[in-house]
$ cat coords_19.csv   # CSV, C-alpha atoms and all ligand atoms
chain,number,residue,atom,x,y,z
Z,1,MET,CA,118.2,35.8,30.4
Z,2,ALA,CA,118.3,33.5,27.3
Z,3,GLN,CA,119.5,36.5,25.2
Z,4,ALA,CA,122.3,37.2,27.7
Z,5,LEU,CA,123.3,33.6,27.7
Z,6,GLY,CA,123.6,33.6,24.0
Z,7,GLU,CA,125.5,36.9,23.8
Z,8,ALA,CA,127.9,36.5,26.7
Z,9,HIS,CA,128.4,32.7,26.7
Z,10,GLY,CA,127.7,31.4,23.2
Z,11,GLY,CA,124.5,29.8,24.4
Z,12,GLU,CA,126.3,27.6,27.0
Z,13,VAL,CA,125.3,27.8,30.7
Z,14,PRO,CA,128.4,29.0,32.6
Z,15,ARG,CA,129.9,27.0,35.5
Z,16,SER,CA,130.7,29.7,38.0
Z,17,MET,CA,128.7,31.5,40.6
Z,18,ASP,CA,129.8,34.9,39.5
Z,19,GLU,CA,129.0,34.3,35.8
Z,20,LEU,CA,125.6,32.8,36.6
Z,21,ARG,CA,124.7,35.6,39.0
Z,22,ALA,CA,125.5,38.1,36.3
Z,23,LEU,CA,122.7,36.7,34.2
Z,24,PRO,CA,119.3,38.5,34.5
Z,25,GLY,CA,117.0,36.8,37.0
Z,26,VAL,CA,119.6,34.4,38.4
Z,27,GLY,CA,120.3,34.7,42.1
Z,28,ARG,CA,122.4,32.6,44.4
Z,29,LYS,CA,119.6,30.0,44.9
Z,30,THR,CA,119.2,29.3,41.2
Z,31,ALA,CA,123.0,29.4,40.6
Z,32,ASN,CA,123.4,26.8,43.4
Z,33,VAL,CA,120.8,24.6,41.8
Z,34,ILE,CA,122.5,24.8,38.4
Z,35,LEU,CA,126.0,24.3,39.6
Z,36,GLY,CA,125.1,21.4,42.0
Z,37,ASN,CA,122.7,19.5,39.7
Z,38,ALA,CA,123.8,20.2,36.2
Z,39,TYR,CA,127.6,20.3,36.9
Z,40,GLY,CA,128.1,18.5,40.2
Z,41,ILE,CA,129.8,21.5,41.7
Z,42,ASN,CA,129.2,22.1,45.4
Z,43,GLU,CA,129.5,25.8,45.5
Z,44,GLY,CA,126.9,26.4,48.2
Z,45,VAL,CA,123.6,25.1,49.6
Z,46,THR,CA,120.3,25.9,47.9
Z,47,VAL,CA,118.1,27.6,50.4
Z,48,ASP,CA,114.4,27.7,49.4
Z,49,THR,CA,111.3,27.9,51.6
Z,50,HIS,CA,111.6,24.3,52.7
Z,51,VAL,CA,115.3,24.6,53.6
Z,52,THR,CA,114.5,27.8,55.5
Z,53,ARG,CA,111.7,26.2,57.5
Z,54,LEU,CA,113.6,23.0,58.3
Z,55,SER,CA,116.8,24.8,59.2
Z,56,GLY,CA,114.8,26.7,61.8
Z,57,ARG,CA,112.9,23.7,63.1
Z,58,LEU,CA,116.0,21.5,63.4
Z,59,LYS,CA,117.9,24.5,64.9
Z,60,LEU,CA,120.5,24.3,62.2
Z,61,SER,CA,120.3,28.1,61.9
Z,62,ARG,CA,118.7,30.8,63.9
Z,63,HIS,CA,118.6,33.2,60.9
Z,64,SER,CA,115.8,33.9,58.4
Z,65,GLU,CA,117.8,35.4,55.6
Z,66,PRO,CA,118.7,32.7,53.0
Z,67,GLU,CA,122.3,33.8,52.6
Z,68,LYS,CA,122.9,33.6,56.4
Z,69,ILE,CA,121.1,30.2,56.6
Z,70,GLU,CA,123.3,29.0,53.7
Z,71,ARG,CA,126.5,30.1,55.6
Z,72,ASP,CA,125.4,28.2,58.7
Z,73,LEU,CA,124.6,25.0,56.7
Z,74,MET,CA,127.9,25.2,54.8
Z,75,ALA,CA,129.7,25.3,58.2
Z,76,LEU,CA,127.8,22.3,59.5
Z,77,PHE,CA,128.0,19.9,56.6
Z,78,PRO,CA,130.8,18.6,54.4
Z,79,ARG,CA,131.1,20.4,51.1
Z,80,ALA,CA,130.7,17.1,49.2
Z,81,ASP,CA,127.2,16.8,50.6
Z,82,TRP,CA,125.9,20.4,50.0
Z,83,THR,CA,123.8,19.6,46.9
Z,84,LEU,CA,122.4,16.4,48.4
Z,85,LEU,CA,121.6,18.2,51.7
Z,86,SER,CA,119.2,20.6,50.1
Z,87,HIS,CA,117.5,17.8,48.2
Z,88,LEU,CA,117.0,15.9,51.5
Z,89,LEU,CA,115.7,18.9,53.3
Z,90,ILE,CA,113.3,19.9,50.5
Z,91,TRP,CA,112.0,16.3,50.2
Z,92,HIS,CA,111.5,16.0,53.9
Z,93,GLY,CA,109.8,19.4,54.0
Z,94,ARG,CA,107.4,18.4,51.3
Z,95,ARG,CA,106.5,14.9,52.6
Z,96,VAL,CA,106.9,15.1,56.4
Z,97,CYS,CA,107.9,18.4,57.9
Z,98,ILE,CA,105.2,20.3,56.0
Z,99,ALA,CA,104.6,24.0,56.8
Z,100,GLN,CA,101.2,23.9,58.3
Z,101,ARG,CA,101.2,20.7,60.3
Z,102,PRO,CA,104.5,18.8,60.5
Z,103,LYS,CA,104.0,15.0,60.8
Z,104,CYS,CA,106.3,14.7,63.8
Z,105,GLU,CA,104.7,11.4,64.8
Z,106,VAL,CA,106.1,9.6,61.8
Z,107,CYS,CA,109.3,11.7,61.3
Z,108,ILE,CA,112.6,9.8,61.1
Z,109,VAL,CA,114.5,12.5,63.0
Z,110,ASN,CA,111.8,13.0,65.7
Z,111,GLN,CA,114.1,12.0,68.5
Z,112,LEU,CA,116.8,14.4,67.4
Z,113,CYS,CA,114.6,17.4,66.5
Z,114,PRO,CA,114.3,20.2,69.0
Z,115,SER,CA,110.9,21.2,67.5
Z,116,ALA,CA,109.3,17.7,67.6
Z,117,ARG,CA,105.7,18.0,68.6
Z,118,ALA,CA,104.9,14.3,69.4
Z,119,PRO,CA,106.8,11.2,70.3
Z,120,ARG,CA,107.7,9.0,67.4
Z,121,ILE,CA,105.4,6.0,66.6
Z,122,ARG,CA,107.6,2.9,66.0
Z,201,LIG,S1,110.2,16.2,64.3
Z,201,LIG,FE1,108.5,17.4,63.4
Z,201,LIG,S2,109.4,19.5,63.4
Z,201,LIG,FE2,111.1,18.1,63.6
Z,201,LIG,S3,111.8,17.7,61.5
Z,201,LIG,FE3,110.4,16.0,62.1
Z,201,LIG,S4,108.4,16.8,61.3
Z,201,LIG,FE4,109.8,18.6,61.4
$ encode --input "coords_19.csv" --output "structure tokens" --more "lines below"
Ligand code: SF4
Amino acid sequence: MAQALGEAHGGEVPRSMDELRALPGVGRKTANVILGNAYGINEGVTVDTHVTRLSGRLKLSRHSEPEKIERDLMALFPRADWTLLSHLLIWHGRRVCIAQRPKCEVCIVNQLCPSARAPRIR
């Protein structure tokens, strides 16, 4: 990848989805991370394992394929928020809505979540 970056782009990380995806080992998820976080370009929503899980639990998407989940999220949220959205979902997925046992009892969106397992403790 680094070699291709040097040869095709003079060592500079490109700023478009197509150019990034043409680099070896770079898929849509990585390209979204780079564009959103390095360049502030909201080209799409980064969908990793946390975003996939939370999109299902919050019923933001009924799909399991990352590209279909991403399409659903892009339709639901303003473009200006796409990079922040994936950060918020990933953070929430790591700290509260964890894979094995979600901490529904302390979750801030407990009362809105269709998958909540327990009433929220206030
Ligand atoms: S209520 Fe539970 S399942 Fe829903 S987002 Fe919060 S931790 Fe996850």
$ residues_around --input "coords_19.csv" --residues "Arg57 in chain Z" --least-positions-apart "2" --cutoff "8 Å" --atoms "all atoms listed in the file" --output "mmCIF file with C-alpha atoms, keeping the file's coordinate frame"
data_model
loop_
_atom_site.group_PDB
_atom_site.id
_atom_site.type_symbol
_atom_site.label_atom_id
_atom_site.label_comp_id
_atom_site.auth_asym_id
_atom_site.auth_seq_id
_atom_site.Cartn_x
_atom_site.Cartn_y
_atom_site.Cartn_z
ATOM 1 C CA ARG Z 53 111.700 26.200 57.500
ATOM 2 C CA LEU Z 54 113.600 23.000 58.300
ATOM 3 C CA SER Z 55 116.800 24.800 59.200
ATOM 4 C CA LYS Z 59 117.900 24.500 64.900
ATOM 5 C CA LEU Z 60 120.500 24.300 62.200
ATOM 6 C CA CYS Z 113 114.600 17.400 66.500
ATOM 7 C CA PRO Z 114 114.300 20.200 69.000
ATOM 8 C CA SER Z 115 110.900 21.200 67.500
#
$ residues_near_ligand --input "coords_19.csv" --ligand "ligand LIG 201 (chain Z)" --cutoff "6 Å" --atoms "all atoms listed in the file" --output "PyMOL selection string"
chain Z and resi 57-58+96-97+102-104+107+109-110+113+115-117
$ closest_residue --input "coords_19.csv" --among "Z:Phe77, Z:His50, Z:Ile108, Z:Lys68" --to "Arg94 in chain Z" --atoms "only C-alpha atoms"
Z:His50
$ residues_near_point --input "coords_19.csv" --point "(118.0, 22.0, 48.9)" --cutoff "7 Å" --atoms "all atoms listed in the file" --output "ChimeraX atom specification"
/Z:45-48,51,83,85-90
$ residues_near_point --input "coords_19.csv" --point "(126.5, 24.6, 47.7)" --cutoff "10 Å" --atoms "all atoms listed in the file" --output "PyMOL selection string"
chain Z and resi 28-29+31-33+35-36+40-47+70-71+73-74+78-86
$ residues_around --input "coords_19.csv" --residues "Val13 in chain Z" --least-positions-apart "6" --cutoff "9 Å" --atoms "only C-alpha atoms" --output "ChimeraX atom specification"
/Z:5,20,34
$ atom_distance --input "coords_19.csv" --atom1 "CA of Pro66 in chain Z" --atom2 "CA of Ala99 in chain Z"
17.0 Å
$ atom_distance --input "coords_19.csv" --atom1 "CA of Ala4 in chain Z" --atom2 "CA of Ser16 in chain Z"
15.3 Å
$ atom_distance --input "coords_19.csv" --atom1 "CA of Arg62 in chain Z" --atom2 "CA of His92 in chain Z"
19.3 Å
$ closest_residue --input "coords_19.csv" --among "Z:Leu23, Z:Glu65, Z:Asp18, Z:Leu112" --to "Gly6 in chain Z" --atoms "all atoms listed in the file"
Z:Leu23
